[in-house]
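K.L.:
Here you go, entry15.txt (compact mmCIF, C-alpha atoms (C1' of nucleotides)):
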# COMPACT_ATOMS: atom_id res chain seq x y z
CA MET D 259 -32.74 -4.80 -10.51
CA LYS D 260 -32.96 -7.97 -12.55
CA LEU D 261 -29.99 -10.05 -13.62
CA SER D 262 -30.78 -9.53 -17.29
CA ASN D 263 -30.61 -5.79 -16.81
CA TYR D 264 -27.26 -5.95 -15.11
CA LEU D 265 -25.88 -8.00 -17.96
CA GLN D 266 -27.41 -5.93 -20.74
CA ASN D 267 -26.04 -2.76 -19.23
CA ILE D 268 -22.59 -4.10 -19.97
CA VAL D 269 -23.10 -5.79 -23.33
CA PRO D 270 -26.28 -5.62 -25.45
CA PHE D 271 -27.05 -9.31 -25.78
CA PRO D 272 -29.68 -10.50 -28.24
CA THR D 273 -32.68 -11.88 -26.33
CA SER D 274 -32.05 -15.44 -27.41
CA GLU D 275 -28.51 -15.45 -26.00
CA LEU D 276 -29.61 -13.70 -22.87
CA ALA D 277 -32.21 -16.31 -22.00
CA ASP D 278 -29.68 -19.10 -22.37
CA ILE D 279 -27.05 -17.26 -20.37
CA ILE D 280 -29.39 -16.47 -17.53
CA SER D 281 -30.42 -20.09 -17.26
CA TYR D 282 -26.92 -20.88 -15.98
CA PHE D 283 -27.21 -18.51 -13.06
CA GLU D 284 -28.78 -19.46 -9.80
CA ARG D 285 -30.49 -17.10 -7.39
CA GLU D 286 -29.46 -17.68 -3.78
CA LYS D 287 -30.39 -16.15 -0.45
CA VAL D 288 -27.35 -15.83 1.71
CA GLN D 289 -27.28 -15.31 5.45
CA LYS D 290 -25.27 -12.61 7.12
CA ASN D 291 -21.72 -13.73 8.04
CA LYS D 292 -22.12 -17.19 6.53
CA PRO D 293 -18.94 -17.75 4.52
CA LEU D 294 -19.45 -18.31 0.79
CA VAL D 295 -15.81 -19.28 0.47
CA LYS D 296 -13.30 -20.14 3.14
CA GLU D 297 -9.57 -19.72 3.07
CA GLY D 298 -7.93 -22.69 1.40
CA GLN D 299 -10.92 -23.59 -0.75
CA VAL D 300 -10.88 -23.00 -4.47
CA CYS D 301 -13.54 -20.41 -5.21
CA SER D 302 -15.76 -22.15 -7.73
CA LYS D 303 -18.42 -19.51 -8.22
CA LEU D 304 -18.75 -15.97 -9.37
CA TYR D 305 -21.49 -14.02 -7.61
CA LEU D 306 -23.47 -10.97 -8.56
CA VAL D 307 -24.94 -9.08 -5.64
CA GLU D 308 -28.62 -8.30 -6.08
CA GLU D 309 -29.22 -7.10 -2.55
CA GLY D 310 -26.84 -6.60 0.36
CA VAL D 311 -23.14 -5.90 0.87
CA GLY D 312 -20.40 -8.47 0.78
CA ARG D 313 -16.72 -8.45 1.52
CA SER D 314 -13.64 -10.55 1.05
CA PHE D 315 -11.19 -10.65 3.92
CA TYR D 316 -8.13 -12.46 5.01
CA LEU D 317 -6.97 -13.67 8.41
CA LYS D 318 -3.61 -12.53 9.65
CA GLU D 319 -1.42 -14.89 11.67
CA ASP D 320 -2.49 -13.08 14.83
CA GLY D 321 -6.14 -13.77 13.97
CA LYS D 322 -7.02 -10.25 12.89
CA GLU D 323 -9.33 -9.91 9.91
CA ILE D 324 -8.26 -7.70 7.06
CA THR D 325 -10.95 -6.66 4.64
CA GLN D 326 -9.68 -6.82 1.11
CA TRP D 327 -12.72 -5.75 -0.85
CA PHE D 328 -16.35 -4.69 -0.55
CA PHE D 329 -19.06 -5.63 -3.02
CA VAL D 330 -22.38 -3.81 -3.30
CA GLU D 331 -25.57 -4.21 -5.31
CA GLY D 332 -24.88 -4.77 -8.98
CA GLN D 333 -21.26 -5.78 -8.52
CA PHE D 334 -19.69 -9.08 -9.35
CA MET D 335 -18.10 -10.67 -6.33
CA SER D 336 -15.56 -13.43 -5.93
CA SER D 337 -12.23 -14.36 -4.49
CA ILE D 338 -10.73 -12.98 -7.65
CA GLU D 339 -7.41 -14.75 -8.08
CA SER D 340 -8.80 -18.00 -6.77
CA PHE D 341 -11.72 -17.92 -9.15
CA PHE D 342 -9.69 -17.00 -12.19
CA GLN D 343 -6.58 -19.06 -11.57
CA GLN D 344 -8.39 -21.85 -9.76
CA ASN D 345 -5.99 -22.03 -6.86
CA PRO D 346 -6.79 -22.09 -3.14
CA SER D 347 -8.25 -18.84 -1.93
CA LEU D 348 -6.31 -16.68 0.49
CA TYR D 349 -9.58 -15.04 1.42
CA TYR D 350 -12.92 -15.60 2.99
CA LEU D 351 -15.99 -14.32 1.22
CA GLU D 352 -19.08 -13.34 3.15
CA MET D 353 -22.14 -11.11 3.09
CA LEU D 354 -22.42 -8.50 5.83
CA GLU D 355 -26.21 -8.42 5.68
CA ASP D 356 -28.81 -11.02 4.79
CA SER D 357 -28.55 -10.85 1.03
CA VAL D 358 -29.64 -12.11 -2.34
CA VAL D 359 -27.03 -13.03 -4.94
CA TYR D 360 -26.87 -14.67 -8.33
CA SER D 361 -24.17 -17.24 -8.83
CA ILE D 362 -22.59 -19.09 -11.69
CA THR D 363 -19.93 -21.80 -11.57
CA ARG D 364 -16.57 -21.44 -13.22
CA GLU D 365 -17.37 -24.38 -15.50
CA ASN D 366 -20.61 -22.91 -16.75
CA LEU D 367 -19.02 -19.53 -17.18
CA ASP D 368 -16.27 -21.04 -19.31
CA LEU D 369 -18.92 -22.81 -21.33
CA LEU D 370 -20.69 -19.52 -21.95
CA PHE D 371 -17.45 -17.78 -22.82
CA ALA D 372 -16.84 -20.42 -25.47
CA ARG D 373 -20.39 -20.38 -26.75
CA TYR D 374 -20.94 -16.64 -27.09
CA HIS D 375 -18.56 -14.05 -28.37
CA ASN D 376 -20.67 -11.47 -26.50
CA MET D 377 -20.14 -13.28 -23.26
CA GLU D 378 -16.40 -13.31 -23.77
CA LYS D 379 -16.65 -9.59 -24.25
CA LEU D 380 -18.56 -9.21 -21.01
CA GLY D 381 -15.79 -11.12 -19.29
CA ARG D 382 -13.19 -8.86 -20.78
CA LEU D 383 -15.03 -5.69 -19.85
CA LEU D 384 -15.62 -6.85 -16.30
CA SER D 385 -12.00 -7.68 -15.74
CA THR D 386 -10.71 -4.41 -17.15
CA GLU D 387 -13.19 -2.57 -14.96
CA MET D 388 -12.09 -4.50 -11.91
CA LEU D 389 -8.49 -3.91 -12.95
CA THR D 390 -9.08 -0.18 -12.95
CA ARG D 391 -10.59 -0.33 -9.50
CA VAL D 392 -7.70 -2.32 -8.09
CA VAL D 393 -5.17 0.03 -9.64
CA ASN D 394 -6.97 2.95 -8.04
CA LYS D 395 -6.91 1.34 -4.66
CA LEU D 396 -3.25 0.45 -5.04
CA ASN D 397 -2.45 4.08 -5.78
CA ALA D 398 -4.45 5.23 -2.79
CA ILE D 399 -2.70 2.81 -0.46
CA GLN D 400 0.75 3.45 -1.85
CA PHE D 401 0.71 7.22 -2.07
CA GLN D 402 -1.88 8.73 0.20
CA THR D 403 -1.97 9.45 3.91
CA ALA D 404 -4.48 7.65 6.11
CA ARG D 405 -6.65 10.71 6.10
CA GLU D 406 -6.63 11.15 2.33
CA ARG D 407 -7.57 7.52 1.92
CA TYR D 408 -10.60 7.95 4.12
CA ASP D 409 -11.68 11.03 2.19
CA TYR D 410 -11.33 9.06 -1.02
CA MET D 411 -13.54 6.37 0.44
CA LEU D 412 -16.13 8.91 1.50
CA ASN D 413 -16.35 10.09 -2.09
CA GLU D 414 -16.21 6.80 -3.92
CA TYR D 415 -18.17 4.63 -1.53
CA PRO D 416 -20.26 6.93 0.69
CA ASP D 417 -22.71 4.10 0.74
CA ILE D 418 -20.41 1.59 2.33
CA VAL D 419 -19.08 4.00 4.92
CA ASN D 420 -22.50 4.15 6.55
CA ARG D 421 -23.36 0.51 6.18
CA VAL D 422 -20.46 -1.43 7.60
CA ALA D 423 -18.51 -1.51 10.86
CA LEU D 424 -15.66 0.92 11.26
CA GLY D 425 -13.19 -1.86 11.87
CA TYR D 426 -13.89 -3.35 8.45
CA ILE D 427 -13.38 -0.05 6.72
CA ALA D 428 -10.18 0.67 8.60
CA SER D 429 -8.57 -2.59 7.59
CA TYR D 430 -9.78 -2.15 4.01
CA LEU D 431 -8.03 1.22 3.94
CA GLY D 432 -4.86 -0.25 5.42
CA MET D 433 -4.99 1.44 8.80
CA THR D 434 -6.01 0.51 12.32
CA GLN D 435 -9.39 1.03 13.83
CA GLU D 436 -7.98 3.52 16.28
CA THR D 437 -6.48 5.63 13.55
CA LEU D 438 -9.74 5.73 11.61
CA SER D 439 -11.64 6.66 14.73
CA ARG D 440 -9.29 9.58 15.32
CA ILE D 441 -9.61 10.71 11.72
CA ARG D 442 -13.37 10.68 11.97
CA LYS D 443 -13.26 12.74 15.11
CA ALA D 444 -11.03 15.33 13.47
CA GLU D 445 -13.28 15.47 10.40
CA THR D 446 -16.42 16.12 12.45
CA ARG D 447 -14.64 18.90 14.24
CA ASN D 448 -13.70 20.54 10.92
CA ARG D 449 -17.14 20.14 9.43
CA SER D 450 -19.01 21.90 12.21
CA MET B 146 10.64 -14.49 -29.63
CA LYS B 147 8.22 -13.66 -32.41
CA LEU B 148 4.93 -11.86 -31.94
CA SER B 149 2.97 -14.81 -33.28
CA ASN B 150 4.51 -17.05 -30.65
CA TYR B 151 3.62 -14.70 -27.84
CA LEU B 152 0.03 -14.60 -29.02
CA GLN B 153 -0.29 -18.32 -29.63
CA ASN B 154 1.05 -19.08 -26.20
CA ILE B 155 -2.03 -17.41 -24.80
CA VAL B 156 -4.71 -18.54 -27.24
CA PRO B 157 -4.23 -21.11 -30.04
CA PHE B 158 -5.28 -19.02 -33.03
CA PRO B 159 -5.85 -20.68 -36.40
CA THR B 160 -3.15 -19.55 -38.83
CA SER B 161 -5.53 -17.56 -40.97
CA GLU B 162 -6.68 -15.41 -38.03
CA LEU B 163 -3.16 -15.04 -36.76
CA ALA B 164 -1.87 -13.58 -40.01
CA ASP B 165 -4.63 -11.00 -40.08
CA ILE B 166 -4.17 -10.09 -36.44
CA ILE B 167 -0.45 -9.66 -36.76
CA SER B 168 -0.88 -7.34 -39.70
CA TYR B 169 -2.37 -4.77 -37.31
CA PHE B 170 0.71 -4.69 -35.12
CA GLU B 171 3.66 -2.50 -35.87
CA ARG B 172 7.25 -3.21 -34.87
CA GLU B 173 8.99 -0.16 -33.40
CA LYS B 174 12.45 0.53 -32.09
CA VAL B 175 12.27 2.74 -29.07
CA GLN B 176 15.08 4.76 -27.57
CA LYS B 177 15.97 4.63 -23.92
CA ASN B 178 14.09 7.21 -21.83
CA LYS B 179 12.06 8.54 -24.74
CA PRO B 180 8.50 8.76 -23.44
CA LEU B 181 5.94 6.63 -25.29
CA VAL B 182 3.17 8.36 -23.41
CA LYS B 183 3.25 11.52 -21.34
CA GLU B 184 1.09 12.46 -18.43
CA GLY B 185 -2.14 14.04 -19.64
CA GLN B 186 -2.17 12.28 -23.01
CA VAL B 187 -4.64 9.53 -23.73
CA CYS B 188 -2.66 6.37 -24.23
CA SER B 189 -3.70 5.21 -27.68
CA LYS B 190 -1.53 2.13 -28.04
CA LEU B 191 -0.92 -1.16 -26.39
CA TYR B 192 2.66 -2.35 -26.57
CA LEU B 193 4.25 -5.76 -26.34
CA VAL B 194 7.88 -5.74 -25.30
CA GLU B 195 10.06 -7.84 -27.57
CA GLU B 196 13.36 -6.65 -26.18
CA GLY B 197 14.17 -4.35 -23.28
CA VAL B 198 12.52 -3.23 -20.04
CA GLY B 199 9.90 -0.55 -19.76
CA ARG B 200 8.20 1.18 -16.89
CA SER B 201 5.26 3.44 -16.16
CA PHE B 202 5.80 6.16 -13.62
CA TYR B 203 4.10 9.17 -12.24
CA LEU B 204 5.40 12.53 -11.17
CA LYS B 205 4.65 13.71 -7.65
CA GLU B 206 3.95 17.38 -6.98
CA ASP B 207 7.49 17.73 -5.65
CA GLY B 208 8.85 16.40 -8.95
CA LYS B 209 9.83 12.97 -7.68
CA GLU B 210 9.23 10.05 -10.00
CA ILE B 211 7.29 7.10 -8.70
CA THR B 212 7.56 3.91 -10.70
CA GLN B 213 4.19 2.25 -10.97
CA TRP B 214 5.00 -0.78 -13.06
CA PHE B 215 7.80 -2.59 -14.89
CA PHE B 216 7.36 -4.44 -18.17
CA VAL B 217 9.80 -7.03 -19.45
CA GLU B 218 10.16 -9.15 -22.58
CA GLY B 219 6.93 -10.83 -23.57
CA GLN B 220 4.72 -8.57 -21.48
CA PHE B 221 2.03 -6.26 -22.69
CA MET B 222 2.68 -2.69 -21.65
CA SER B 223 0.47 0.35 -21.48
CA SER B 224 -0.85 3.06 -19.25
CA ILE B 225 -3.55 0.63 -18.26
CA GLU B 226 -6.49 2.74 -17.13
CA SER B 227 -5.82 5.34 -19.78
CA PHE B 228 -5.73 2.77 -22.54
CA PHE B 229 -8.80 0.91 -21.42
CA GLN B 230 -10.97 3.80 -20.30
CA GLN B 231 -9.53 6.26 -22.82
CA ASN B 232 -8.99 9.03 -20.35
CA PRO B 233 -5.87 11.15 -19.84
CA SER B 234 -3.00 9.18 -18.46
CA LEU B 235 -1.69 9.89 -14.97
CA TYR B 236 1.52 8.18 -15.98
CA TYR B 237 4.47 8.42 -18.26
CA LEU B 238 5.53 5.34 -20.17
CA GLU B 239 9.13 4.80 -21.18
CA MET B 240 11.70 2.15 -21.97
CA LEU B 241 14.73 1.95 -19.69
CA GLU B 242 16.96 0.49 -22.39
CA ASP B 243 17.01 0.82 -26.16
CA SER B 244 14.22 -1.57 -27.01
CA VAL B 245 12.04 -3.20 -29.59
CA VAL B 246 8.29 -3.28 -29.09
CA TYR B 247 5.20 -4.23 -31.03
CA SER B 248 2.31 -1.83 -30.89
CA ILE B 249 -1.34 -1.79 -31.80
CA THR B 250 -3.80 1.08 -31.58
CA ARG B 251 -6.89 0.94 -29.46
CA GLU B 252 -9.04 1.29 -32.57
CA ASN B 253 -7.46 -1.66 -34.32
CA LEU B 254 -7.56 -3.72 -31.19
CA ASP B 255 -11.29 -3.07 -30.83
CA LEU B 256 -11.72 -4.02 -34.44
CA LEU B 257 -9.95 -7.33 -33.81
CA PHE B 258 -11.94 -7.94 -30.66
CA ALA B 259 -15.12 -7.57 -32.69
CA ARG B 260 -13.85 -9.63 -35.59
CA TYR B 261 -12.47 -12.64 -33.71
CA HIS B 262 -13.93 -14.41 -30.73
CA ASN B 263 -10.44 -15.75 -30.06
CA MET B 264 -9.07 -12.26 -29.86
CA GLU B 265 -11.71 -11.26 -27.35
CA LYS B 266 -10.61 -14.24 -25.33
CA LEU B 267 -7.01 -13.13 -25.48
CA GLY B 268 -8.11 -9.75 -24.20
CA ARG B 269 -9.97 -11.34 -21.35
CA LEU B 270 -7.10 -13.59 -20.37
CA LEU B 271 -4.61 -10.76 -20.45
CA SER B 272 -6.71 -8.58 -18.23
CA THR B 273 -7.36 -11.28 -15.67
CA GLU B 274 -3.65 -12.02 -15.60
CA MET B 275 -2.82 -8.38 -15.12
CA LEU B 276 -5.55 -8.19 -12.50
CA THR B 277 -3.91 -11.00 -10.56
CA ARG B 278 -0.58 -9.24 -10.68
CA VAL B 279 -2.02 -5.97 -9.45
CA VAL B 280 -3.87 -7.70 -6.63
CA ASN B 281 -0.62 -9.36 -5.58
CA LYS B 282 1.21 -6.07 -5.55
CA LEU B 283 -1.59 -4.43 -3.60
CA ASN B 284 -1.35 -7.13 -0.96
CA ALA B 285 2.40 -6.73 -0.77
CA ILE B 286 2.16 -2.98 -0.34
CA GLN B 287 -0.70 -3.10 2.12
CA PHE B 288 0.48 -5.88 4.40
CA GLN B 289 4.19 -6.40 4.18
CA THR B 290 7.13 -4.58 5.67
CA ALA B 291 9.61 -2.83 3.41
CA ARG B 292 11.96 -5.72 3.79
CA GLU B 293 9.40 -8.40 2.93
CA ARG B 294 8.42 -6.45 -0.15
CA TYR B 295 11.98 -6.45 -1.37
CA ASP B 296 12.30 -10.18 -0.81
CA TYR B 297 9.10 -10.69 -2.75
CA MET B 298 10.57 -8.67 -5.59
CA LEU B 299 13.77 -10.70 -5.53
CA ASN B 300 11.72 -13.84 -6.01
CA GLU B 301 9.19 -12.65 -8.54
CA TYR B 302 11.36 -10.33 -10.60
CA PRO B 303 15.02 -11.26 -9.98
CA ASP B 304 15.57 -10.13 -13.49
CA ILE B 305 14.45 -6.58 -12.95
CA VAL B 306 16.33 -6.16 -9.70
CA ASN B 307 19.62 -6.45 -11.53
CA ARG B 308 18.66 -4.45 -14.56
CA VAL B 309 17.23 -1.20 -13.30
CA ALA B 310 18.35 1.58 -10.98
CA LEU B 311 17.76 1.14 -7.29
CA GLY B 312 15.75 4.33 -7.09
CA TYR B 313 13.20 2.99 -9.56
CA ILE B 314 12.78 -0.22 -7.63
CA ALA B 315 12.45 1.60 -4.33
CA SER B 316 9.61 3.78 -5.55
CA TYR B 317 7.96 0.79 -7.20
CA LEU B 318 7.97 -0.95 -3.84
CA GLY B 319 6.63 2.10 -2.06
CA MET B 320 9.72 3.00 -0.07
CA THR B 321 12.54 5.51 -0.34
CA GLN B 322 15.83 4.87 -1.98
CA GLU B 323 17.61 5.18 1.34
CA THR B 324 15.46 2.53 2.92
CA LEU B 325 16.07 0.10 0.09
CA SER B 326 19.78 0.75 0.25
CA ARG B 327 19.79 -0.10 3.96
CA ILE B 328 17.77 -3.24 3.35
CA ARG B 329 20.22 -4.39 0.72
CA LYS B 330 23.10 -3.81 3.04
CA ALA B 331 21.47 -5.87 5.78
CA GLU B 332 20.69 -8.69 3.33
CA THR B 333 24.27 -8.94 2.12
CA ARG B 334 25.44 -9.17 5.70
CA ASN B 335 23.06 -12.07 6.37
CA ARG B 336 23.94 -13.90 3.20
CA SER B 337 27.68 -14.01 3.84
C1' DT M 254 43.08 9.65 -17.83
C1' DG M 255 40.80 13.45 -15.45
C1' DT M 256 36.56 15.77 -14.70
C1' DA M 257 31.58 16.18 -14.50
C1' DT M 258 27.36 13.90 -13.62
C1' DT M 259 24.47 10.55 -11.69
C1' DA M 260 23.56 6.78 -8.49
C1' DT M 261 24.21 4.76 -4.03
C1' DT M 262 25.36 4.69 0.76
C1' DT M 263 25.59 6.40 5.43
C1' DG M 264 24.29 9.15 9.44
C1' DA M 265 21.23 12.04 12.35
C1' DT M 266 16.76 13.28 13.26
C1' DC M 267 11.67 13.33 12.94
C1' DT M 268 6.79 11.78 12.43
C1' DA M 269 2.61 9.23 10.92
C1' DG M 270 0.50 5.87 12.35
C1' DG M 271 0.96 1.46 15.02
C1' DT M 272 0.45 -1.04 19.59
C1' DC M 273 -1.39 -1.81 24.06
C1' DA M 274 -4.68 -0.97 27.54
C1' DA M 275 -8.68 0.70 29.31
C1' DA M 276 -13.08 3.42 29.24
C1' DA M 277 -17.45 4.52 27.13
C1' DG M 278 -21.30 3.45 24.03
C1' DA M 279 -24.37 0.34 21.40
C1' DA M 280 -26.65 -3.91 20.39
C1' DA M 281 -28.28 -8.25 21.46
C1' DC M 282 -30.12 -11.62 24.65
C1' DT M 283 -32.70 -13.25 29.01
C1' DA Y 220 -34.71 -3.49 32.73
C1' DG Y 221 -30.31 -5.71 33.49
C1' DT Y 222 -26.47 -8.21 31.93
C1' DT Y 223 -23.39 -9.83 28.48
C1' DT Y 224 -21.01 -9.02 24.21
C1' DC Y 225 -19.39 -6.31 20.55
C1' DT Y 226 -17.97 -1.74 18.71
C1' DT Y 227 -15.97 2.68 19.05
C1' DT Y 228 -13.33 6.11 21.40
C1' DT Y 229 -9.52 7.95 24.07
C1' DG Y 230 -4.85 8.14 26.04
C1' DA Y 231 0.14 7.02 26.57
C1' DC Y 232 3.84 5.33 24.38
C1' DC Y 233 6.80 3.32 20.56
C1' DT Y 234 8.76 2.00 16.08
C1' DA Y 235 9.32 1.55 10.90
C1' DG Y 236 10.45 4.11 7.70
C1' DA Y 237 10.60 9.12 6.00
C1' DT Y 238 13.30 13.32 5.47
C1' DC Y 239 17.38 16.07 5.12
C1' DA Y 240 22.18 16.45 4.37
C1' DA Y 241 26.46 15.02 3.19
C1' DA Y 242 29.97 11.50 1.72
C1' DT Y 243 31.26 7.84 -1.50
C1' DA Y 244 31.08 5.23 -5.59
C1' DA Y 245 30.12 4.44 -10.29
C1' DT Y 246 29.38 6.10 -15.24
C1' DA Y 247 29.75 9.02 -18.90
C1' DC Y 248 32.18 12.21 -21.43
C1' DA Y 249 35.93 15.31 -23.19
Render the structure in this file as structure tokens.
P.N.:
Amino acid sequence: MKLSNYLQNIVPFPTSELADIISYFEREKVQKNKPLVKEGQVCSKLYLVEEGVGRSFYLKEDGKEITQWFFVEGQFMSSIESFFQQNPSLYYLEMLEDSVVYSITRENLDLLFARYHNMEKLGRLLSTEMLTRVVNKLNAIQFQTARERYDYMLNEYPDIVNRVALGYIASYLGMTQETLSRIRKAETRNRS
Amino acid sequence: MKLSNYLQNIVPFPTSELADIISYFEREKVQKNKPLVKEGQVCSKLYLVEEGVGRSFYLKEDGKEITQWFFVEGQFMSSIESFFQQNPSLYYLEMLEDSVVYSITRENLDLLFARYHNMEKLGRLLSTEMLTRVVNKLNAIQFQTARERYDYMLNEYPDIVNRVALGYIASYLGMTQETLSRIRKAETRNRS
DNA sequence: TGTATTATTTGATCTAGGTCAAAAGAAACT
DNA sequence: AGTTTCTTTTGACCTAGATCAAATAATACA
């Protein structure tokens, strides 16, 4: 899908505004596993995934990677707090497949926020949507068993479950690889 | 502090706009433990705490209350997803002390968003700020031990720790009352 | 001030899910 | 096709924090 469609699905921009807005985005091809942002860097761009899956992850002291978030086609992707508060990112950002993304810098985005009321609205809607998603995940992590969390994932992101390595999903769900593997085994048994 | 100050601290509104905006807020005194929103209701108002502490909580099947969020002076308070997505709230909203709050309905807020670009901006800034807070809490819950979470709370919300019942804090931090009590005991021992 | 109610602490026990280590399966590379 | 490397599965064991139950301590109330 085209960038203009993604944007217009959120806020119905007049064509004139839309053309200007789009001119600030850049279309980039991104290689698998090539970091878009590294830990410690300030994340200067907001991405929109056109094709591929991305993730943000953080590195524990012992070197283990913990996936914080997945981003699929049509979703905006960034190291959220770093991008919005402009402080060093705690996370890495990478694509898990060779992908195509649109990007816009924080500066240009701010410029567009100031220039167009509609754009400000888009910003507001995107953050409340993201907010809802984070709240949902928080509830899942805080209140559900490992198994319930996986079921939730199967429902909400069936797509991702089949596209990315088990280890990534496990850490995203706040459990170990081994635990997720055992859950999967039990589920297959029940399903057959 | 006055409502106009809270708002102007976030976005510098021209006086004319400010007067109009403020006219849509209502000042309410709220009694301790009287629910502002009950589970199942759509949360129709956004509140700003002038005086007091509030919380949102949800009721587990077994009847236990789980605090989801605290709100102190100067903070906007609501059953977030319910207010923004206008679906039935999973949470109750109440003040833990006799309090004074400002409130605005979703309808009026939308009206102000449409009328003033500045107001839209305020909405965007508030949601990104809230987003950052939720992300931080998610990280705490997902990656830290019970004890680290309590220390985090002591730093970030020293205020709340001394103002509300231990049971509320424990459930907010995703642990049982007993566990928090034991942590506190251990901390006092170390401090002396 | 004494009694009822609610909040906090303490102790004993249990369990979901973690850790560590190794085997089995898949992919990727020559 | 054979070897190296990465991913997933399986097993044995362990620990943080939960649960259950009862004892204190603090507040509210008559």
K.L.:
The residues within 12 Å of (25.0, 11.9, 12.4), using all atoms listed in the file and the coordinates of the file, should be reported as a ChimeraX atom specification; which are they?
P.N.:
/M:263-266 /Y:239-242
K.L.:
Compile a residue-level contact table for chain B against chain Y at a cut-off of 8 Å, reporting for every qualifying residue the shortest atom pair and its distance in Å to one decimal, with only C-alpha atoms (C1' of nucleotides) counted, rows ordered by chain and ascending number, as a tab-separated table.
P.N.:
residue	atom	partner	partner_atom	distance
B:Met320	CA	Y:DG236	C1'	7.9
B:Thr321	CA	Y:DA237	C1'	7.5
B:Thr324	CA	Y:DG236	C1'	7.1
K.L.:
Output the contact residues of chain D with respect to chain B at a cut-off of 10 Å, based on all atoms listed in the file, as a ChimeraX atom specification.
P.N.:
/D:318,324,326,338-340,342-343,371-397,399-401,429-433
K.L.:
Of the candidates B:Glu171, B:Leu311, B:Ala331, B:Leu238, which shows the shortest atom-to-atom distance to chain M, using all atoms listed in the file?
P.N.:
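Ranking B:Glu171, B:Leu311, B:Ala331, B:Leu238 by distance to chain M, first place goes to B:Leu311.
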K.L.:
At a cut-off of 9 Å from (-20.5, -14.3, -7.5) in the coordinates of the file, what residues are picked up using all atoms listed in the file, written as JSON, numbers by chain?
P.N.:
{"D": [303, 304, 305, 306, 307, 333, 334, 335, 336, 337, 359, 360, 361, 362, 363]}
K.L.:
What are the residues of chain M lining chain B at 10 Å or less? Count only C-alpha atoms (C1' of nucleotides), and put the answer as a PyMOL selection string.
P.N.:
chain M and resi 260-263
K.L.:
Find the distance between CA of Ile155 (chain B) and CA of Glu239 (chain B) and write it in Å to one decimal.
P.N.:
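Computed distance, CA of Ile155 (chain B) to CA of Glu239 (chain B), equals 25.1 Å.
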K.L.:
Just how far from CA of Leu348 (chain D) is CA of Tyr316 (chain D), in Å to one decimal?
P.N.:
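Going from CA of Tyr316 (chain D) over to CA of Leu348 (chain D) covers 6.4 Å.
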K.L.:
Can you measure CA of Asn413 (chain D) to CA of Thr290 (chain B) for me? One decimal in Å is fine.
P.N.:
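Those two atoms sit 28.8 Å apart.
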K.L.:
Skip Ile166 (chain B) itself and residues of its chain fewer than 5 positions away, then list as a PyMOL selection string all residues within 9 Å of it, counting all atoms listed in the file.
P.N.:
chain B and resi 161+254+257+264
K.L.:
As a PyMOL selection string, please: the residues near Gly312 (chain D) (cut-off 12 Å, only C-alpha atoms (C1' of nucleotides), same-chain neighbours under 3 positions excluded).
P.N.:
chain D and resi 288-295+305-309+315+325-337+350-359+418+421-422+426
K.L.:
Nearest to Glu365 (chain D) among D:Cys301, D:Leu317, D:Val419, D:Ile427, with distances taken over only C-alpha atoms: which residue is it?
P.N.:
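For Glu365 (chain D), the nearest of the candidates is D:Cys301.
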K.L.:
Counting all atoms listed in the file, figure out which residue out of D:Ala404, D:Glu414, D:Phe283, D:Tyr264 gets nearest to DG270 (chain M).
P.N.:
D:Ala404
